[in-house]
Amino acid sequence: MQQKKTIELFFTDKNNKTQRAKAITDGDFVEFCLNAEPIDIQFTFKGNLKKEKLFIKSLLLENKDNQMFIEKNMIHSYFIPNKGMRYNNEEYSYSFLQGTPIQLKPTLSSRKSLISRLKKRLAL
């Protein structure tokens, strides 16, 4: 993603409260600092996304006690795109679909497998 884009992270904490996290970006690196342990995660993308591809090289979720590292070939196993995005299994990338209604922002949401792993982290 070359031009200025916005990535918002929404997450649900153990009290079922939905929160939004601010992104810290450094080139291709994006970091979100969460004030609570998430049990559900959703990434929302904003900006002029036509003909863009999103490559997620890895995802690290960590707190002071636990770490969970997801490699690029496993991202699709933990996140599901909405109708504004399409996954390319050969490139491990997501494409933003043209003609998507403006109210339907491209979103990656947690699959049940990720929600289950995040809940187990809290039980440790």
# chains A, B, ... in the order shown; residues from 1 in each chain; ligands from 1
$ residues_around --residues "Ala21 (chain A)" --least-positions-apart "2" --cutoff "12 Å" --atoms "only C-alpha atoms" --output "ChimeraX atom specification"
/A:6-13,18-19,23-24,30-38,41-44
$ residues_around --residues "region 95-99 of chain A" --least-positions-apart "5" --cutoff "6 Å" --atoms "only C-alpha atoms" --output "list in words"
Lys53, Gly84, Met85 and Arg86 of chain A
$ write_last_selection --atoms "N, CA, C and O atoms" --output "tab-separated table (two decimals), in the first residue's frame"
chain	number	residue	atom	x	y	z
A	53	LYS	N	-2.98	-3.92	-3.65
A	53	LYS	CA	-2.88	-5.25	-3.06
A	53	LYS	C	-2.32	-5.08	-1.66
A	53	LYS	O	-1.46	-4.25	-1.42
A	84	GLY	N	-15.68	-6.69	0.27
A	84	GLY	CA	-14.87	-5.64	-0.33
A	84	GLY	C	-13.45	-6.07	-0.65
A	84	GLY	O	-12.66	-5.30	-1.17
A	85	MET	N	-13.14	-7.34	-0.35
A	85	MET	CA	-11.77	-7.84	-0.55
A	85	MET	C	-11.81	-9.26	-1.10
A	85	MET	O	-12.78	-9.99	-0.89
A	86	ARG	N	-10.74	-9.64	-1.76
A	86	ARG	CA	-10.59	-11.02	-2.25
A	86	ARG	C	-9.18	-11.49	-1.92
A	86	ARG	O	-8.21	-10.77	-2.06
$ select_by_dssp --residues "chain A" --states "helix (DSSP H, G or I)" --output "list in words"
Lys72, Asn73, Met74, Ile75, His76, Ser77, Tyr78, Lys112, Ser113, Leu114, Ile115, Ser116, Arg117, Leu118, Lys119, Lys120, Arg121, Leu122 and Ala123 of chain A
$ closest_residue --among "A:Glu90, A:Asn63, A:Asn16, A:Asn82" --to "Ser110 (chain A)" --atoms "only C-alpha atoms"
A:Asn82
$ select_by_dssp --residues "region 25-100 of chain A" --states "strand (DSSP E)" --output "ChimeraX atom specification"
/A:25-26,29-32,38-46,53-55,58-62,67-71,79-81,85-88,93-96
$ write_last_selection --atoms "N, CA, C and O atoms" --output "short mmCIF file (atom, residue, chain, number, x, y, z; two decimals), in the first residue's frame"
data_model
loop_
_atom_site.label_atom_id
_atom_site.label_comp_id
_atom_site.auth_asym_id
_atom_site.auth_seq_id
_atom_site.Cartn_x
_atom_site.Cartn_y
_atom_site.Cartn_z
N THR A 25 2.80 3.58 12.32
CA THR A 25 3.37 3.03 11.09
C THR A 25 4.82 3.45 10.92
O THR A 25 5.21 4.54 11.29
N ASP A 26 5.58 2.55 10.34
CA ASP A 26 6.99 2.81 10.03
C ASP A 26 7.31 2.05 8.75
O ASP A 26 7.64 0.87 8.79
N PHE A 29 5.88 -1.46 8.19
CA PHE A 29 5.57 -2.01 9.51
C PHE A 29 4.44 -1.21 10.14
O PHE A 29 4.46 0.01 10.16
N VAL A 30 3.42 -1.91 10.64
CA VAL A 30 2.30 -1.27 11.32
C VAL A 30 2.19 -1.89 12.70
O VAL A 30 2.20 -3.10 12.86
N GLU A 31 2.08 -1.04 13.72
CA GLU A 31 1.96 -1.52 15.10
C GLU A 31 0.72 -0.90 15.73
O GLU A 31 0.46 0.28 15.57
N PHE A 32 -0.03 -1.73 16.45
CA PHE A 32 -1.17 -1.27 17.22
C PHE A 32 -0.89 -1.55 18.68
O PHE A 32 -0.49 -2.66 19.04
N PRO A 38 -7.29 -8.60 23.51
CA PRO A 38 -8.43 -8.81 22.61
C PRO A 38 -8.92 -10.26 22.62
O PRO A 38 -8.15 -11.19 22.85
N ILE A 39 -10.22 -10.43 22.36
CA ILE A 39 -10.75 -11.77 22.12
C ILE A 39 -11.34 -11.86 20.71
O ILE A 39 -11.72 -12.93 20.26
N ASP A 40 -11.39 -10.74 20.01
CA ASP A 40 -11.87 -10.68 18.63
C ASP A 40 -11.21 -9.46 17.98
O ASP A 40 -11.10 -8.41 18.61
N ILE A 41 -10.76 -9.61 16.73
CA ILE A 41 -10.03 -8.53 16.05
C ILE A 41 -10.65 -8.30 14.68
O ILE A 41 -11.03 -9.23 13.99
N GLN A 42 -10.71 -7.00 14.29
CA GLN A 42 -11.20 -6.64 12.96
C GLN A 42 -10.37 -5.49 12.42
O GLN A 42 -10.25 -4.45 13.08
N PHE A 43 -9.77 -5.67 11.24
CA PHE A 43 -9.04 -4.60 10.57
C PHE A 43 -9.96 -3.99 9.51
O PHE A 43 -10.54 -4.71 8.71
N THR A 44 -10.05 -2.65 9.50
CA THR A 44 -10.84 -1.94 8.50
C THR A 44 -9.90 -1.02 7.74
O THR A 44 -9.07 -0.33 8.34
N PHE A 45 -10.03 -0.99 6.41
CA PHE A 45 -9.14 -0.22 5.55
C PHE A 45 -9.91 0.92 4.91
O PHE A 45 -11.02 0.75 4.42
N LYS A 46 -9.30 2.12 4.92
CA LYS A 46 -9.92 3.31 4.35
C LYS A 46 -8.93 3.98 3.41
O LYS A 46 -7.74 3.81 3.53
N LYS A 53 -2.98 -3.92 -3.65
CA LYS A 53 -2.88 -5.25 -3.06
C LYS A 53 -2.32 -5.08 -1.66
O LYS A 53 -1.46 -4.25 -1.42
N LEU A 54 -2.81 -5.89 -0.77
CA LEU A 54 -2.36 -5.88 0.61
C LEU A 54 -1.62 -7.18 0.87
O LEU A 54 -2.17 -8.26 0.68
N PHE A 55 -0.36 -7.06 1.28
CA PHE A 55 0.44 -8.21 1.67
C PHE A 55 0.68 -8.12 3.17
O PHE A 55 1.26 -7.15 3.64
N SER A 58 3.45 -10.93 8.22
CA SER A 58 3.32 -11.67 9.48
C SER A 58 2.50 -10.81 10.44
O SER A 58 2.30 -9.63 10.23
N LEU A 59 2.05 -11.46 11.49
CA LEU A 59 1.29 -10.78 12.52
C LEU A 59 1.77 -11.29 13.87
O LEU A 59 1.82 -12.50 14.09
N LEU A 60 2.17 -10.39 14.73
CA LEU A 60 2.63 -10.74 16.07
C LEU A 60 1.68 -10.12 17.08
O LEU A 60 1.49 -8.90 17.10
N LEU A 61 1.08 -10.96 17.89
CA LEU A 61 0.25 -10.51 19.01
C LEU A 61 1.01 -10.84 20.27
O LEU A 61 1.37 -12.01 20.49
N GLU A 62 1.30 -9.84 21.05
CA GLU A 62 2.04 -10.12 22.28
C GLU A 62 1.59 -9.23 23.41
O GLU A 62 1.12 -8.12 23.21
N GLN A 67 2.95 -14.64 23.56
CA GLN A 67 3.15 -14.22 22.19
C GLN A 67 2.41 -15.18 21.27
O GLN A 67 2.34 -16.38 21.55
N MET A 68 1.87 -14.64 20.19
CA MET A 68 1.27 -15.45 19.15
C MET A 68 1.75 -14.88 17.83
O MET A 68 1.50 -13.71 17.52
N PHE A 69 2.47 -15.68 17.06
CA PHE A 69 3.03 -15.25 15.79
C PHE A 69 2.31 -15.98 14.67
O PHE A 69 2.19 -17.21 14.69
N ILE A 70 1.80 -15.23 13.69
CA ILE A 70 1.09 -15.82 12.55
C ILE A 70 1.87 -15.45 11.29
O ILE A 70 2.05 -14.28 10.98
N GLU A 71 2.35 -16.46 10.57
CA GLU A 71 3.10 -16.23 9.34
C GLU A 71 2.15 -15.95 8.17
O GLU A 71 0.96 -16.28 8.24
N PHE A 79 -8.13 -15.00 9.53
CA PHE A 79 -8.92 -13.82 9.18
C PHE A 79 -9.73 -14.07 7.92
O PHE A 79 -9.25 -14.69 6.98
N ILE A 80 -10.96 -13.57 7.91
CA ILE A 80 -11.85 -13.71 6.76
C ILE A 80 -12.15 -12.33 6.20
O ILE A 80 -12.48 -11.41 6.94
N PRO A 81 -11.99 -12.15 4.87
CA PRO A 81 -12.30 -10.85 4.27
C PRO A 81 -13.80 -10.70 4.03
O PRO A 81 -14.51 -11.69 3.84
N MET A 85 -13.14 -7.34 -0.35
CA MET A 85 -11.77 -7.84 -0.55
C MET A 85 -11.81 -9.26 -1.10
O MET A 85 -12.78 -9.99 -0.89
N ARG A 86 -10.74 -9.64 -1.76
CA ARG A 86 -10.59 -11.02 -2.25
C ARG A 86 -9.18 -11.49 -1.92
O ARG A 86 -8.21 -10.77 -2.06
N TYR A 87 -9.08 -12.75 -1.49
CA TYR A 87 -7.80 -13.34 -1.11
C TYR A 87 -7.19 -14.09 -2.30
O TYR A 87 -7.88 -14.81 -3.01
N ASN A 88 -5.88 -13.92 -2.51
CA ASN A 88 -5.13 -14.64 -3.54
C ASN A 88 -4.20 -15.62 -2.84
O ASN A 88 -3.21 -15.21 -2.23
N SER A 93 -1.98 -12.64 -0.72
CA SER A 93 -2.32 -11.22 -0.71
C SER A 93 -3.83 -11.03 -0.78
O SER A 93 -4.58 -11.96 -1.11
N TYR A 94 -4.26 -9.82 -0.48
CA TYR A 94 -5.66 -9.43 -0.58
C TYR A 94 -5.77 -8.32 -1.60
O TYR A 94 -4.94 -7.42 -1.63
N SER A 95 -6.81 -8.38 -2.44
CA SER A 95 -7.09 -7.31 -3.40
C SER A 95 -8.35 -6.59 -2.94
O SER A 95 -9.28 -7.21 -2.44
N PHE A 96 -8.35 -5.28 -3.12
CA PHE A 96 -9.52 -4.48 -2.81
C PHE A 96 -10.37 -4.42 -4.08
O PHE A 96 -9.88 -4.05 -5.15
#
$ atom_distance --atom1 "CA of Ser109 (chain A)" --atom2 "CA of Asn15 (chain A)"
18.8 Å
$ atom_distance --atom1 "CA of Lys57 (chain A)" --atom2 "CA of Glu91 (chain A)"
10.7 Å
$ closest_residue --among "A:Ile56, A:Leu49, A:Ile75, A:Leu118" --to "Pro106 (chain A)" --atoms "only C-alpha atoms"
A:Leu49
$ residues_around --residues "Tyr78 (chain A)" --least-positions-apart "6" --cutoff "7 Å" --atoms "only C-alpha atoms" --output "number ranges by chain"
A: 110-111, 113-114
$ write_last_selection --atoms "C-alpha atoms" --output "compact mmCIF listing (two decimals), in the first residue's frame"
# COMPACT_ATOMS: atom_id res chain seq x y z
CA SER A 110 -11.35 -12.87 13.03
CA ARG A 111 -12.33 -16.40 12.15
CA SER A 113 -10.03 -20.30 15.02
CA LEU A 114 -8.45 -16.97 16.02
